[in-house]
$ cat start39.txt   # compact mmCIF, C-alpha atoms
# COMPACT_ATOMS: atom_id res chain seq x y z
CA MET A 168 -80.82 -10.07 -19.10
CA GLN A 169 -81.99 -6.94 -20.94
CA PHE A 170 -78.38 -6.16 -21.92
CA ARG A 171 -77.93 -9.68 -23.28
CA THR A 172 -81.15 -9.42 -25.30
CA ASN A 173 -80.12 -6.08 -26.78
CA LYS A 174 -76.68 -7.46 -27.60
CA ASN A 175 -78.18 -10.43 -29.44
CA ILE A 176 -80.49 -8.14 -31.44
CA ILE A 177 -77.57 -5.91 -32.44
CA ILE A 178 -75.47 -8.91 -33.50
CA TYR A 179 -78.42 -10.40 -35.40
CA ILE A 180 -78.98 -7.17 -37.33
CA PHE A 181 -75.24 -6.79 -37.94
CA THR A 182 -75.08 -10.35 -39.31
CA ILE A 183 -78.00 -9.68 -41.68
CA VAL A 184 -76.50 -6.39 -42.92
CA PHE A 185 -73.05 -7.94 -43.29
CA SER A 186 -74.54 -10.87 -45.24
CA ILE A 187 -76.32 -8.53 -47.65
CA LEU A 188 -73.13 -6.53 -48.20
CA PHE A 189 -71.01 -9.68 -48.53
CA ILE A 190 -73.26 -11.15 -51.21
CA ALA A 191 -73.81 -7.88 -53.07
CA LEU A 192 -70.11 -6.98 -53.08
CA GLY A 193 -69.04 -10.55 -53.84
CA TYR A 194 -71.34 -10.73 -56.84
CA SER A 195 -70.33 -7.33 -58.20
CA VAL A 196 -66.62 -8.20 -57.92
CA ASN A 197 -66.90 -11.75 -59.25
CA LYS A 198 -69.63 -11.33 -61.85
CA PRO A 199 -68.21 -13.14 -64.90
CA GLU A 200 -68.35 -11.59 -68.35
CA PHE A 201 -69.21 -13.95 -71.19
CA ASN A 202 -69.21 -13.34 -74.90
CA GLU A 203 -72.61 -12.33 -76.18
CA GLN A 204 -74.40 -15.34 -77.56
CA SER A 205 -77.78 -15.42 -79.24
CA PHE A 206 -80.30 -17.82 -77.77
CA ASN A 207 -83.92 -18.66 -78.17
CA LYS A 208 -85.98 -17.54 -75.22
CA SER A 209 -88.35 -19.97 -73.56
CA TYR A 210 -91.91 -19.09 -72.58
CA LYS A 211 -94.54 -20.51 -70.27
CA ALA A 212 -97.58 -21.69 -72.19
CA HIS A 213 -100.97 -23.35 -71.72
CA VAL A 214 -102.11 -25.98 -74.23
CA VAL A 215 -105.35 -24.75 -75.75
CA SER A 216 -106.03 -27.67 -78.08
CA VAL A 217 -104.34 -30.67 -79.71
CA GLU A 218 -104.81 -30.37 -83.46
CA GLU A 219 -103.14 -33.36 -85.13
CA THR A 220 -100.90 -36.37 -84.52
CA ILE A 221 -98.56 -37.49 -87.33
CA GLN A 222 -96.55 -40.73 -87.39
CA ASP A 223 -93.37 -40.90 -89.54
CA GLU A 224 -90.88 -43.72 -90.13
CA THR A 225 -87.17 -42.97 -90.48
CA ASP A 226 -84.95 -45.65 -92.04
CA TYR A 227 -81.34 -45.70 -90.77
CA GLY A 228 -80.37 -48.63 -93.00
CA TYR A 229 -79.81 -51.16 -90.25
CA GLU A 230 -83.01 -50.26 -88.41
CA SER A 231 -85.99 -47.93 -88.71
CA PHE A 232 -87.44 -45.70 -86.00
CA SER A 233 -90.70 -43.83 -85.80
CA THR A 234 -91.21 -40.19 -84.91
CA THR A 235 -94.50 -38.94 -83.55
CA THR A 236 -95.31 -35.28 -84.21
CA ILE A 237 -98.10 -33.68 -82.18
CA LYS A 238 -99.39 -30.41 -83.56
CA PHE A 239 -101.12 -28.20 -80.99
CA LYS A 240 -102.09 -24.65 -80.14
CA ALA A 241 -100.81 -22.95 -77.01
CA GLU A 242 -101.39 -19.63 -75.29
CA ILE A 243 -98.20 -17.92 -74.04
CA LYS A 244 -98.49 -16.86 -70.40
CA ASN A 245 -95.54 -14.53 -69.75
CA ASP A 246 -93.43 -11.60 -70.91
CA GLU A 247 -93.97 -9.63 -74.10
CA LEU A 248 -95.90 -12.38 -75.91
CA LYS A 249 -98.37 -12.94 -73.08
CA GLY A 250 -101.82 -13.74 -74.43
CA SER A 251 -100.59 -14.77 -77.87
CA VAL A 252 -101.90 -18.08 -79.24
CA VAL A 253 -99.30 -19.91 -81.36
CA GLU A 254 -99.11 -23.15 -83.31
CA ALA A 255 -96.51 -25.48 -81.88
CA TYR A 256 -95.15 -29.03 -82.16
CA GLN A 257 -94.08 -31.81 -79.84
CA TYR A 258 -91.69 -34.41 -81.26
CA ILE A 259 -91.41 -37.88 -79.73
CA ASP A 260 -88.61 -39.98 -81.21
CA GLU A 261 -88.68 -43.74 -80.74
CA ILE A 262 -84.87 -43.77 -80.87
CA VAL A 263 -84.83 -42.01 -77.49
CA ALA A 264 -85.22 -44.59 -74.73
CA VAL A 265 -87.26 -42.41 -72.39
CA THR A 266 -89.93 -40.25 -74.00
CA PRO A 267 -92.00 -37.47 -72.43
CA LYS A 268 -95.72 -37.74 -71.84
CA VAL A 269 -97.81 -36.79 -74.85
CA ILE A 270 -99.26 -33.35 -74.25
CA GLN A 271 -102.96 -32.91 -73.62
CA GLU A 272 -105.31 -29.97 -73.56
CA GLY A 273 -104.83 -27.95 -70.38
CA ASP A 274 -101.19 -28.93 -69.80
CA LYS A 275 -98.77 -26.27 -68.58
CA ILE A 276 -95.63 -26.40 -70.72
CA ILE A 277 -92.47 -24.56 -71.79
CA ILE A 278 -92.08 -23.73 -75.50
CA SER A 279 -89.44 -21.98 -77.57
CA SER A 280 -89.10 -20.80 -81.16
CA LEU A 281 -86.48 -23.09 -82.71
CA ILE A 282 -85.24 -23.90 -86.19
CA SER A 283 -87.73 -26.20 -87.89
CA ARG A 284 -86.76 -29.85 -88.32
CA THR A 285 -87.17 -29.37 -92.05
CA GLY A 286 -84.60 -26.57 -91.89
CA GLU A 287 -87.04 -24.00 -93.24
CA GLY A 288 -87.55 -21.11 -90.84
CA GLU A 289 -88.48 -21.43 -87.18
CA GLU A 290 -91.38 -23.07 -85.37
CA TRP A 291 -92.65 -23.15 -81.81
CA THR A 292 -91.44 -26.36 -80.17
CA PHE A 293 -92.33 -28.11 -76.91
CA MET A 294 -89.32 -28.03 -74.55
CA GLU A 295 -90.50 -29.28 -71.16
CA TYR A 296 -93.49 -29.40 -68.87
CA ASP A 297 -93.79 -26.33 -66.64
CA ARG A 298 -92.93 -27.71 -63.20
CA SER A 299 -92.10 -24.38 -61.54
CA SER A 300 -95.47 -24.00 -59.78
CA VAL A 301 -95.11 -27.43 -58.14
CA LEU A 302 -91.54 -26.63 -57.11
CA TRP A 303 -92.61 -23.33 -55.57
CA GLY A 304 -95.45 -25.07 -53.75
CA LEU A 305 -93.06 -27.71 -52.41
CA LEU A 306 -90.59 -25.03 -51.29
CA LEU A 307 -93.27 -22.97 -49.56
CA GLY A 308 -94.59 -26.12 -47.86
CA PHE A 309 -91.08 -26.90 -46.66
CA PHE A 310 -90.66 -23.39 -45.27
CA ALA A 311 -94.08 -23.56 -43.60
CA LEU A 312 -93.17 -26.81 -41.84
CA ILE A 313 -89.88 -25.30 -40.67
CA VAL A 314 -91.77 -22.38 -39.12
CA ILE A 315 -94.47 -24.61 -37.60
CA PHE A 316 -92.03 -26.99 -35.95
CA GLY A 317 -89.17 -24.54 -35.39
CA GLY A 318 -90.98 -21.36 -34.37
CA LYS A 319 -88.63 -18.38 -34.15
CA LYS A 320 -85.62 -20.56 -34.84
CA GLY A 321 -87.43 -21.93 -37.86
CA ILE A 322 -87.69 -18.42 -39.31
CA ASN A 323 -83.99 -17.86 -38.61
CA THR A 324 -83.23 -21.19 -40.28
CA ILE A 325 -85.00 -20.03 -43.45
CA VAL A 326 -83.06 -16.74 -43.40
CA SER A 327 -79.73 -18.56 -43.00
CA LEU A 328 -80.66 -21.05 -45.73
CA ILE A 329 -81.44 -18.20 -48.15
CA PHE A 330 -78.14 -16.48 -47.40
CA THR A 331 -76.28 -19.80 -47.78
CA CYS A 332 -77.76 -20.40 -51.24
CA LEU A 333 -77.06 -16.81 -52.28
CA ALA A 334 -73.46 -17.09 -51.08
CA VAL A 335 -72.92 -20.26 -53.12
CA PHE A 336 -74.67 -19.18 -56.32
CA MET A 337 -73.92 -15.44 -56.31
CA VAL A 338 -70.43 -15.38 -54.80
CA PHE A 339 -68.72 -18.77 -54.89
CA VAL A 340 -69.79 -19.99 -58.34
CA PRO A 341 -69.20 -16.61 -60.06
CA SER A 342 -65.77 -16.38 -58.41
CA ILE A 343 -64.83 -19.71 -60.02
CA LEU A 344 -66.05 -18.56 -63.45
CA LYS A 345 -64.20 -15.28 -62.96
CA GLY A 346 -60.95 -17.22 -62.59
CA ASN A 347 -60.26 -16.46 -58.92
CA ASN A 348 -58.41 -18.87 -56.66
CA ILE A 349 -60.89 -21.68 -55.95
CA TYR A 350 -59.18 -22.75 -52.72
CA LEU A 351 -59.37 -19.23 -51.29
CA SER A 352 -62.96 -18.73 -52.46
CA SER A 353 -64.01 -22.03 -50.87
CA ILE A 354 -62.41 -21.08 -47.55
CA ILE A 355 -63.94 -17.59 -47.48
CA VAL A 356 -67.46 -18.80 -48.36
CA SER A 357 -67.25 -21.73 -45.92
CA ILE A 358 -66.17 -19.48 -43.04
CA TYR A 359 -68.93 -17.01 -43.91
CA ILE A 360 -71.57 -19.77 -43.96
CA ILE A 361 -70.41 -21.14 -40.59
CA PHE A 362 -70.47 -17.78 -38.79
CA MET A 363 -73.62 -16.51 -40.51
CA SER A 364 -75.68 -19.67 -39.96
CA LEU A 365 -74.77 -20.21 -36.34
CA LEU A 366 -75.10 -16.54 -35.36
CA ILE A 367 -78.50 -16.14 -37.04
CA ILE A 368 -79.94 -19.42 -35.77
CA ASN A 369 -78.53 -19.51 -32.25
CA GLY A 370 -77.36 -15.97 -31.51
CA ALA A 371 -74.06 -14.84 -30.02
CA ASN A 372 -73.34 -16.99 -26.95
CA LYS A 373 -70.90 -19.55 -25.68
CA LYS A 374 -72.83 -22.38 -27.29
CA THR A 375 -72.43 -20.76 -30.71
CA LEU A 376 -68.75 -20.04 -30.05
CA CYS A 377 -68.10 -23.70 -29.20
CA ALA A 378 -69.94 -24.85 -32.33
CA ILE A 379 -67.97 -22.43 -34.51
CA VAL A 380 -64.62 -23.58 -33.12
CA GLY A 381 -65.54 -27.26 -33.54
CA ASN A 382 -66.86 -26.65 -37.04
CA LEU A 383 -63.76 -24.77 -38.15
CA GLY A 384 -61.51 -27.43 -36.63
CA GLY A 385 -63.30 -30.32 -38.34
CA LEU A 386 -63.43 -28.48 -41.65
CA ILE A 387 -59.74 -27.52 -41.58
CA ILE A 388 -58.72 -31.12 -40.97
CA ALA A 389 -61.07 -32.35 -43.72
CA GLY A 390 -59.60 -29.79 -46.12
CA LEU A 391 -56.00 -30.74 -45.31
CA LEU A 392 -56.78 -34.44 -45.65
CA ALA A 393 -58.51 -33.86 -48.99
CA LEU A 394 -55.49 -31.94 -50.28
CA ILE A 395 -52.99 -34.58 -49.12
CA VAL A 396 -55.02 -37.57 -50.33
CA SER A 397 -55.73 -36.07 -53.76
CA ASN A 398 -52.00 -35.51 -54.30
CA ILE A 399 -51.04 -38.98 -53.07
CA MET A 400 -53.65 -40.60 -55.33
CA HIS A 401 -52.65 -38.46 -58.32
CA LEU A 402 -56.21 -37.26 -58.89
CA THR A 403 -56.73 -34.93 -61.84
CA GLY A 404 -60.30 -33.83 -61.13
CA LEU A 405 -61.46 -35.19 -64.49
CA ILE A 406 -64.06 -37.52 -63.02
CA ASP A 407 -66.94 -37.34 -65.52
CA ASP A 408 -68.26 -35.65 -68.65
CA ASP A 409 -69.29 -32.59 -66.67
CA SER A 410 -65.67 -32.05 -65.62
CA MET A 411 -64.59 -32.27 -69.24
CA PHE A 412 -67.17 -29.66 -70.25
CA LEU A 413 -65.78 -27.32 -67.56
CA LEU A 414 -62.46 -27.31 -69.41
CA LEU A 415 -64.26 -26.11 -72.54
CA LEU A 416 -65.94 -23.14 -70.83
CA ASN A 417 -65.00 -19.76 -72.24
CA THR A 418 -63.76 -18.29 -68.95
CA GLU A 419 -60.97 -15.77 -68.32
CA THR A 420 -58.66 -18.48 -66.94
CA PRO A 421 -58.87 -22.29 -67.23
CA ILE A 422 -60.77 -23.91 -64.36
CA ASP A 423 -58.60 -25.94 -61.97
CA LEU A 424 -60.39 -29.31 -61.76
CA LYS A 425 -58.33 -30.46 -58.77
CA ALA A 426 -59.44 -27.37 -56.88
CA ILE A 427 -63.06 -28.06 -57.87
CA LEU A 428 -62.67 -31.58 -56.50
CA TRP A 429 -61.24 -30.21 -53.24
CA SER A 430 -63.96 -27.60 -52.80
CA GLY A 431 -66.62 -30.23 -53.48
CA ILE A 432 -65.31 -32.30 -50.57
CA VAL A 433 -65.06 -29.33 -48.19
CA ILE A 434 -68.40 -27.70 -48.98
CA GLY A 435 -70.12 -31.10 -49.23
CA SER A 436 -69.12 -31.95 -45.66
CA LEU A 437 -69.79 -28.48 -44.24
CA GLY A 438 -73.41 -29.07 -43.29
CA ALA A 439 -72.81 -32.40 -41.57
CA VAL A 440 -69.85 -31.07 -39.58
CA MET A 441 -71.90 -28.03 -38.57
CA ASP A 442 -74.73 -30.27 -37.41
CA VAL A 443 -72.51 -32.41 -35.19
CA SER A 444 -70.65 -29.42 -33.74
CA MET A 445 -73.89 -27.63 -32.88
CA SER A 446 -75.43 -30.79 -31.38
CA ILE A 447 -72.47 -31.31 -29.05
CA ALA A 448 -72.20 -27.62 -28.13
CA SER A 449 -75.94 -27.46 -27.36
CA ALA A 450 -75.82 -30.60 -25.21
CA MET A 451 -72.73 -29.34 -23.36
CA ASN A 452 -74.51 -26.05 -22.71
CA GLU A 453 -77.44 -27.90 -21.12
CA LEU A 454 -75.04 -29.94 -19.01
CA ALA A 455 -73.23 -26.80 -17.84
CA GLU A 456 -76.51 -25.25 -16.69
CA ASN A 457 -77.92 -28.33 -14.97
CA MET A 458 -74.92 -30.23 -13.54
CA CYS A 459 -74.47 -29.52 -9.85
CA GLU A 460 -70.88 -30.75 -9.67
CA ARG A 461 -69.27 -30.18 -13.01
CA ASN A 462 -65.59 -30.11 -13.89
CA PHE A 463 -63.48 -30.22 -17.01
CA LYS A 464 -63.00 -33.99 -16.94
CA SER A 465 -66.67 -34.88 -16.43
CA MET A 466 -67.86 -32.46 -19.11
CA LEU A 467 -65.23 -33.66 -21.57
CA LYS A 468 -66.31 -37.24 -21.00
CA SER A 469 -69.95 -36.27 -21.52
CA GLY A 470 -69.02 -34.47 -24.75
CA PHE A 471 -67.28 -37.55 -26.09
CA ASN A 472 -70.23 -39.76 -25.14
CA ILE A 473 -72.65 -37.42 -26.95
CA GLY A 474 -70.33 -37.37 -29.96
CA GLN A 475 -70.11 -41.16 -30.07
CA ASP A 476 -73.90 -41.34 -30.36
CA ALA A 477 -73.82 -38.87 -33.24
CA ILE A 478 -70.96 -40.57 -35.12
CA GLY A 479 -72.94 -43.52 -36.44
CA THR A 480 -76.01 -41.65 -37.64
CA MET A 481 -74.21 -38.65 -39.15
CA THR A 482 -71.57 -40.78 -40.90
CA ASN A 483 -74.31 -42.96 -42.36
CA THR A 484 -76.25 -39.84 -43.37
CA LEU A 485 -73.25 -38.40 -45.22
CA ILE A 486 -72.26 -41.61 -46.98
CA LEU A 487 -75.85 -42.48 -47.96
CA ALA A 488 -76.32 -38.95 -49.31
CA TYR A 489 -73.31 -39.35 -51.60
CA ILE A 490 -74.39 -42.82 -52.71
CA GLY A 491 -77.92 -41.62 -53.40
CA SER A 492 -76.72 -38.64 -55.46
CA SER A 493 -74.58 -40.87 -57.70
CA LEU A 494 -76.72 -44.03 -57.73
CA SER A 495 -77.22 -44.02 -61.52
CA VAL A 496 -73.47 -43.83 -62.11
CA VAL A 497 -72.80 -46.60 -59.59
CA LEU A 498 -75.34 -48.90 -61.27
CA LEU A 499 -73.93 -48.17 -64.73
CA LEU A 500 -70.35 -48.85 -63.67
CA MET A 501 -71.26 -52.03 -61.79
CA VAL A 502 -72.92 -53.42 -64.93
CA ASN A 503 -70.18 -52.45 -67.36
CA TYR A 504 -67.03 -52.98 -65.30
CA LYS A 505 -66.54 -56.62 -64.38
CA ASP A 506 -62.95 -55.96 -63.33
CA VAL A 507 -63.34 -55.00 -59.66
CA LEU A 508 -59.69 -53.93 -59.38
CA LEU A 509 -60.13 -51.41 -62.18
CA LEU A 510 -63.56 -50.34 -60.96
CA PHE A 511 -62.31 -49.24 -57.54
CA ASN A 512 -59.37 -47.40 -59.07
CA LEU A 513 -61.43 -45.33 -61.50
CA GLU A 514 -61.09 -41.67 -60.54
CA MET A 515 -64.86 -41.23 -60.61
CA ILE A 516 -65.35 -43.96 -57.99
CA VAL A 517 -62.29 -42.96 -55.96
CA PHE A 518 -63.58 -39.39 -55.70
CA GLU A 519 -66.97 -40.52 -54.38
CA ILE A 520 -65.27 -42.76 -51.81
CA ILE A 521 -62.81 -40.16 -50.51
CA GLN A 522 -65.55 -37.52 -50.48
CA ALA A 523 -67.62 -39.69 -48.15
CA ILE A 524 -64.68 -40.83 -46.01
CA ILE A 525 -63.00 -37.43 -45.60
CA GLY A 526 -66.33 -35.76 -44.91
CA SER A 527 -66.95 -38.34 -42.19
CA MET A 528 -63.45 -37.78 -40.81
CA GLY A 529 -64.28 -34.08 -40.56
CA ILE A 530 -67.23 -35.08 -38.37
CA LEU A 531 -64.99 -37.33 -36.25
CA PHE A 532 -62.45 -34.57 -35.60
CA ALA A 533 -65.18 -32.00 -34.90
CA ILE A 534 -66.31 -34.09 -31.92
CA PRO A 535 -63.14 -33.89 -29.76
CA ILE A 536 -62.45 -30.28 -30.80
CA THR A 537 -65.94 -29.14 -29.83
CA SER A 538 -65.92 -31.21 -26.65
CA LEU A 539 -62.51 -29.93 -25.51
CA PHE A 540 -63.30 -26.31 -26.19
CA ALA A 541 -66.79 -26.51 -24.64
CA ALA A 542 -65.47 -28.24 -21.51
CA TYR A 543 -62.86 -25.50 -21.14
CA VAL A 544 -65.27 -22.61 -21.79
CA TYR A 545 -68.04 -23.81 -19.48
CA ASN A 546 -65.64 -24.60 -16.67
CA GLN A 547 -64.14 -21.14 -16.97
CA LYS A 548 -67.59 -19.83 -16.12
CA LYS A 549 -67.81 -22.17 -13.11
CA SER A 550 -64.39 -21.14 -11.87
CA ASP A 551 -65.24 -17.45 -12.14
CA ASN A 552 -68.47 -17.96 -10.19
CA ASP A 553 -66.63 -19.87 -7.49
CA LYS A 554 -64.18 -16.97 -7.06
CA VAL A 555 -67.04 -14.48 -6.75
CA PHE A 556 -68.84 -16.58 -4.13
CA LYS A 557 -65.59 -17.04 -2.21
CA GLN A 558 -64.95 -13.29 -2.15
CA LEU A 559 -68.54 -12.64 -0.93
CA ASN A 560 -68.19 -15.20 1.85
CA ASP A 561 -64.86 -13.77 2.95
$ encode --input "start39.txt" --output "structure tokens"
Amino acid sequence: MQFRTNKNIIIYIFTIVFSILFIALGYSVNKPEFNEQSFNKSYKAHVVSVEETIQDETDYGYESFSTTTIKFKAEIKNDELKGSVVEAYQYIDEIVAVTPKVIQEGDKIIISSLISRTGEGEEWTFMEYDRSSVLWGLLLGFFALIVIFGGKKGINTIVSLIFTCLAVFMVFVPSILKGNNIYLSSIIVSIYIIFMSLLIINGANKKTLCAIVGNLGGLIIAGLLALIVSNIMHLTGLIDDDSMFLLLLNTETPIDLKAILWSGIVIGSLGAVMDVSMSIASAMNELAENMCERNFKSMLKSGFNIGQDAIGTMTNTLILAYIGSSLSVVLLLMVNYKDVLLLFNLEMIVFEIIQAIIGSMGILFAIPITSLFAAYVYNQKKSDNDKVFKQLND
């Protein structure tokens, strides 16, 4: 038992060190270099007082719109201008359908020095409300709940989540902007996330091994299906305005939109496949330790039964997540496209559908792969024990 504990500690530390090196090295190698561009820095500020409100009418010939200008004083709260009180303006244009809340004394905001609307010099302008403190509070509350309900594993979950985010934003995204092969980058980062997350959260044991094998199997099949289906459907990857803007980025090599589409499907389904694989592996581990008469067939059947219970909820979770993330687009298309045949052949809609379906298929294939491997692994242990007891009796 002591040896097993020491082994898990060593593997845990190794995983942490490897993760730090992986992210640091990945970022240093893939860090993209952009042309120097001048920009106006934003600052946190606190509204000291509202000085004046001005109403202007602008005539566009066919219709006139009003512009409300709020003049206020704000104290800058960060960086080199901290403590400075400046005169600033908030502009609310009637032509914009959704307008921000009119600022009031005491509001926390973001301001920047921009070119004046009159074209004469620069002026401090309201950009957004400062929401960072609320976001940090929400994040800390989320982490606190994970620790309260998860205990030690909750802490490990937070560590794995941090490394996952760092891997995506400091390795994967920069590698795309650097012009590296997106398919290869997606595979490397996905494999890293699988091993890192499961080893940190659950340690090095047979349960983790079974989950890793099932996760890799489901993800490989999802990736192959995504590649085949995208070619059969002649998808270009140009699914929205954001995709078009990616083509205009000043990167070393043009971004492959089809590869972006593929990586979106694979990485988008990674978490759900990992969840199902770990759930089945954990349940099979409990069965192996508590079943008096276990064999490969009975454990395999149990694994499939557990997987069948997970299929409905996890598939719904994945599909509802995709629908929820693109609800505005779905509503807009449903209103403007009366031709149902055309609507369900638009690449934007097709991508959302295949993303949900292929991600769910990754879950489906992870179930038998995890069950088969777990049934084999846990019955190997039983067979070895039986041989030992037989030799002792003889």
$ closest_residue --input "start39.txt" --among "A:Ala241, A:Ile486, A:Ile277, A:Ala378" --to "A:Ser446" --atoms "all atoms listed in the file"
A:Ala378
$ atom_distance --input "start39.txt" --atom1 "atom CA of A:Ile387" --atom2 "atom CA of A:Gly529"
8.0 Å
$ atom_distance --input "start39.txt" --atom1 "atom CA of A:Val214" --atom2 "atom CA of A:Glu247"
18.3 Å
$ closest_atom_pairs --input "start39.txt" --of "stretch 270-346 of chain A" --to "stretch 363-375 of chain A" --cutoff "10 Å" --atoms "only C-alpha atoms" --output "JSON lines"
{"residue": "A:Lys319", "atom": "CA", "partner": "A:Ile368", "partner_atom": "CA", "distance": 8.9}
{"residue": "A:Lys320", "atom": "CA", "partner": "A:Ile368", "partner_atom": "CA", "distance": 5.9}
{"residue": "A:Gly321", "atom": "CA", "partner": "A:Ile368", "partner_atom": "CA", "distance": 8.2}
{"residue": "A:Ile322", "atom": "CA", "partner": "A:Ile368", "partner_atom": "CA", "distance": 8.6}
{"residue": "A:Asn323", "atom": "CA", "partner": "A:Ile368", "partner_atom": "CA", "distance": 5.2}
{"residue": "A:Thr324", "atom": "CA", "partner": "A:Ile368", "partner_atom": "CA", "distance": 5.9}
{"residue": "A:Ile325", "atom": "CA", "partner": "A:Ile368", "partner_atom": "CA", "distance": 9.2}
{"residue": "A:Val326", "atom": "CA", "partner": "A:Ile367", "partner_atom": "CA", "distance": 7.8}
{"residue": "A:Ser327", "atom": "CA", "partner": "A:Ser364", "partner_atom": "CA", "distance": 5.2}
{"residue": "A:Leu328", "atom": "CA", "partner": "A:Ser364", "partner_atom": "CA", "distance": 7.7}
{"residue": "A:Phe330", "atom": "CA", "partner": "A:Met363", "partner_atom": "CA", "distance": 8.2}
{"residue": "A:Thr331", "atom": "CA", "partner": "A:Ser364", "partner_atom": "CA", "distance": 7.8}
$ closest_residue --input "start39.txt" --among "A:Ser195, A:Ser280, A:Ser186, A:Asn382" --to "A:Ala334" --atoms "only C-alpha atoms"
A:Ser186
$ closest_residue --input "start39.txt" --among "A:Phe540, A:Phe293, A:Tyr194, A:Phe181" --to "A:Lys240" --atoms "all atoms listed in the file"
A:Phe293
$ atom_distance --input "start39.txt" --atom1 "atom CA of A:Gly384" --atom2 "atom CA of A:Gly474"
14.9 Å
